[in-house]
file run.cif (mmCIF, C-alpha atoms)
data_coords
loop_
_atom_site.label_atom_id
_atom_site.label_comp_id
_atom_site.auth_asym_id
_atom_site.auth_seq_id
_atom_site.Cartn_x
_atom_site.Cartn_y
_atom_site.Cartn_z
CA MET P 5 33.37 -2.31 63.10
CA LEU P 6 30.11 -2.95 64.91
CA PHE P 7 29.28 -5.48 67.64
CA LEU P 8 26.26 -6.31 69.72
CA SER P 9 26.42 -5.05 73.27
CA LYS P 10 26.15 -7.19 76.38
CA ASN P 11 22.35 -7.16 76.31
CA LYS P 12 22.39 -8.07 72.60
CA THR P 13 20.06 -5.26 71.62
CA ASP P 14 22.43 -2.30 71.33
CA ILE P 15 25.12 -2.02 68.66
CA VAL P 16 28.55 -0.93 69.87
CA ASP P 17 30.96 0.75 67.45
CA ILE P 18 34.56 -0.31 68.06
CA SER P 19 36.07 1.17 64.91
CA HIS P 20 37.79 3.78 67.09
CA ILE P 21 40.19 1.20 68.54
CA SER P 22 43.61 2.22 67.32
CA LYS P 23 46.78 0.18 66.97
CA ILE P 24 47.90 1.53 70.37
CA ASP P 25 44.65 0.36 71.93
CA GLN P 26 45.13 -3.05 70.32
CA LYS P 27 48.59 -3.26 71.89
CA ASN P 28 47.08 -2.38 75.27
CA MET P 29 44.39 -5.03 74.75
CA LYS P 30 47.07 -7.67 74.26
CA ARG P 31 48.65 -6.58 77.55
CA ILE P 32 45.23 -6.85 79.20
CA PHE P 33 44.82 -10.39 77.86
CA ALA P 34 48.26 -11.29 79.25
CA ARG P 35 47.47 -9.74 82.63
CA VAL P 36 43.99 -11.26 82.98
CA PHE P 37 45.10 -14.76 82.01
CA SER P 38 48.18 -14.63 84.27
CA THR P 39 46.01 -14.78 87.40
CA ASP P 40 45.19 -18.14 88.99
CA ASP P 41 41.59 -17.92 87.82
CA GLY P 42 42.68 -16.81 84.37
CA LYS P 43 45.04 -19.79 84.07
CA LYS P 44 42.25 -22.16 85.10
CA LEU P 45 39.86 -20.59 82.61
CA LEU P 46 42.42 -20.77 79.82
CA ALA P 47 43.15 -24.43 80.61
CA TYR P 48 39.42 -25.15 80.45
CA LEU P 49 39.05 -23.34 77.12
CA GLN P 50 41.97 -25.28 75.70
CA TYR P 51 40.52 -28.56 76.98
CA ILE P 52 37.08 -28.03 75.44
CA THR P 53 38.49 -26.89 72.10
CA PHE P 54 41.83 -28.57 71.39
CA HIS P 55 41.26 -31.86 73.20
CA ARG P 56 37.95 -32.78 71.62
CA SER P 57 37.52 -34.93 68.56
CA PHE P 58 34.60 -36.07 66.45
CA GLY P 59 33.82 -39.31 64.70
CA ALA P 60 33.61 -39.85 60.97
CA ASP P 61 29.90 -39.06 60.91
CA VAL P 62 30.29 -35.45 62.08
CA SER P 63 28.52 -32.84 59.99
CA ASP P 64 30.24 -30.06 58.12
CA SER P 65 28.48 -27.45 60.27
CA GLN P 66 29.72 -29.10 63.48
CA LEU P 67 33.29 -29.06 62.15
CA ARG P 68 33.01 -25.40 61.19
CA TYR P 69 31.59 -24.50 64.60
CA MET P 70 34.41 -26.33 66.38
CA GLU P 71 37.03 -24.72 64.18
CA GLY P 72 35.60 -21.30 65.05
CA GLN P 73 35.99 -22.11 68.75
CA ARG P 74 39.57 -23.28 68.22
CA SER P 75 40.35 -20.16 66.25
CA LEU P 76 39.08 -17.93 69.05
CA VAL P 77 41.14 -19.76 71.69
CA SER P 78 44.19 -19.59 69.39
CA THR P 79 43.68 -15.83 69.08
CA ILE P 80 43.51 -15.49 72.87
CA LEU P 81 46.73 -17.51 73.24
CA ARG P 82 48.46 -15.37 70.60
CA PHE P 83 47.32 -12.14 72.29
CA ILE P 84 48.57 -13.40 75.65
CA ASP P 85 51.96 -14.22 74.16
CA GLN P 86 52.20 -10.90 72.34
CA GLY P 87 51.03 -9.02 75.44
CA LYS P 88 53.79 -10.56 77.56
CA ASN P 89 56.42 -9.46 75.04
CA ASN P 90 55.27 -5.84 74.75
#
call {"tool": "encode", "arguments": {"input": "run.cif", "output": "structure tokens"}}
result
Amino acid sequence: MLFLSKNKTDIVDISHISKIDQKNMKRIFARVFSTDDGKKLLAYLQYITFHRSFGADVSDSQLRYMEGQRSLVSTILRFIDQGKNN
């Protein structure tokens, strides 16, 4: 799997991440978001994604964009929960 690097010009290959590394990543999510700053950041992410609504005139692309944001925050929440239990 390939991703853009921080400067958005270099491609980073993450296909080497194994199942063990994924388990460690979930622990990292749990650890990072257990700090005071992490809790504040997570609360903010939840607020801007789950507590926002659109009117009837919203476009399909806006709905898809918002659902992508919600999906990412849901993934973070799931990783935090799984990281606490591992």
call {"tool": "resolve_selection", "arguments": {"input": "run.cif", "expression": "the PyMOL selection byres ((chain P and resi 24-38) around 7)", "output": "PyMOL selection string"}}
result
chain P and resi 21-23+39-40+42-43+46+83-88
call {"tool": "write_last_selection", "arguments": {"input": "run.cif", "atoms": "C-alpha atoms", "output": "compact mmCIF listing (two decimals), keeping the file's coordinate frame"}}
result
# COMPACT_ATOMS: atom_id res chain seq x y z
CA ILE P 21 40.19 1.20 68.54
CA SER P 22 43.61 2.22 67.32
CA LYS P 23 46.78 0.18 66.97
CA THR P 39 46.01 -14.78 87.40
CA ASP P 40 45.19 -18.14 88.99
CA GLY P 42 42.68 -16.81 84.37
CA LYS P 43 45.04 -19.79 84.07
CA LEU P 46 42.42 -20.77 79.82
CA PHE P 83 47.32 -12.14 72.29
CA ILE P 84 48.57 -13.40 75.65
CA ASP P 85 51.96 -14.22 74.16
CA GLN P 86 52.20 -10.90 72.34
CA GLY P 87 51.03 -9.02 75.44
CA LYS P 88 53.79 -10.56 77.56
call {"tool": "atom_distance", "arguments": {"input": "run.cif", "atom1": "atom CA of P:Met70", "atom2": "atom CA of P:Tyr48"}}
result
15.0 Å
call {"tool": "closest_residue", "arguments": {"input": "run.cif", "among": "P:Phe54, P:Gly59, P:Asp64, P:Asn90", "to": "P:Ser78", "atoms": "all atoms listed in the file"}}
result
P:Phe54
call {"tool": "residues_around", "arguments": {"input": "run.cif", "residues": "P:Leu67", "least_positions_apart": "6", "cutoff": "10 Å", "atoms": "all atoms listed in the file", "output": "list in words"}}
result
Ser57, Phe58 and Gln73 of chain P
call {"tool": "atom_distance", "arguments": {"input": "run.cif", "atom1": "atom CA of P:Gln50", "atom2": "atom CA of P:Tyr69"}}
result
15.2 Å
call {"tool": "atom_distance", "arguments": {"input": "run.cif", "atom1": "atom CA of P:His55", "atom2": "atom CA of P:Thr79"}}
result
16.7 Å
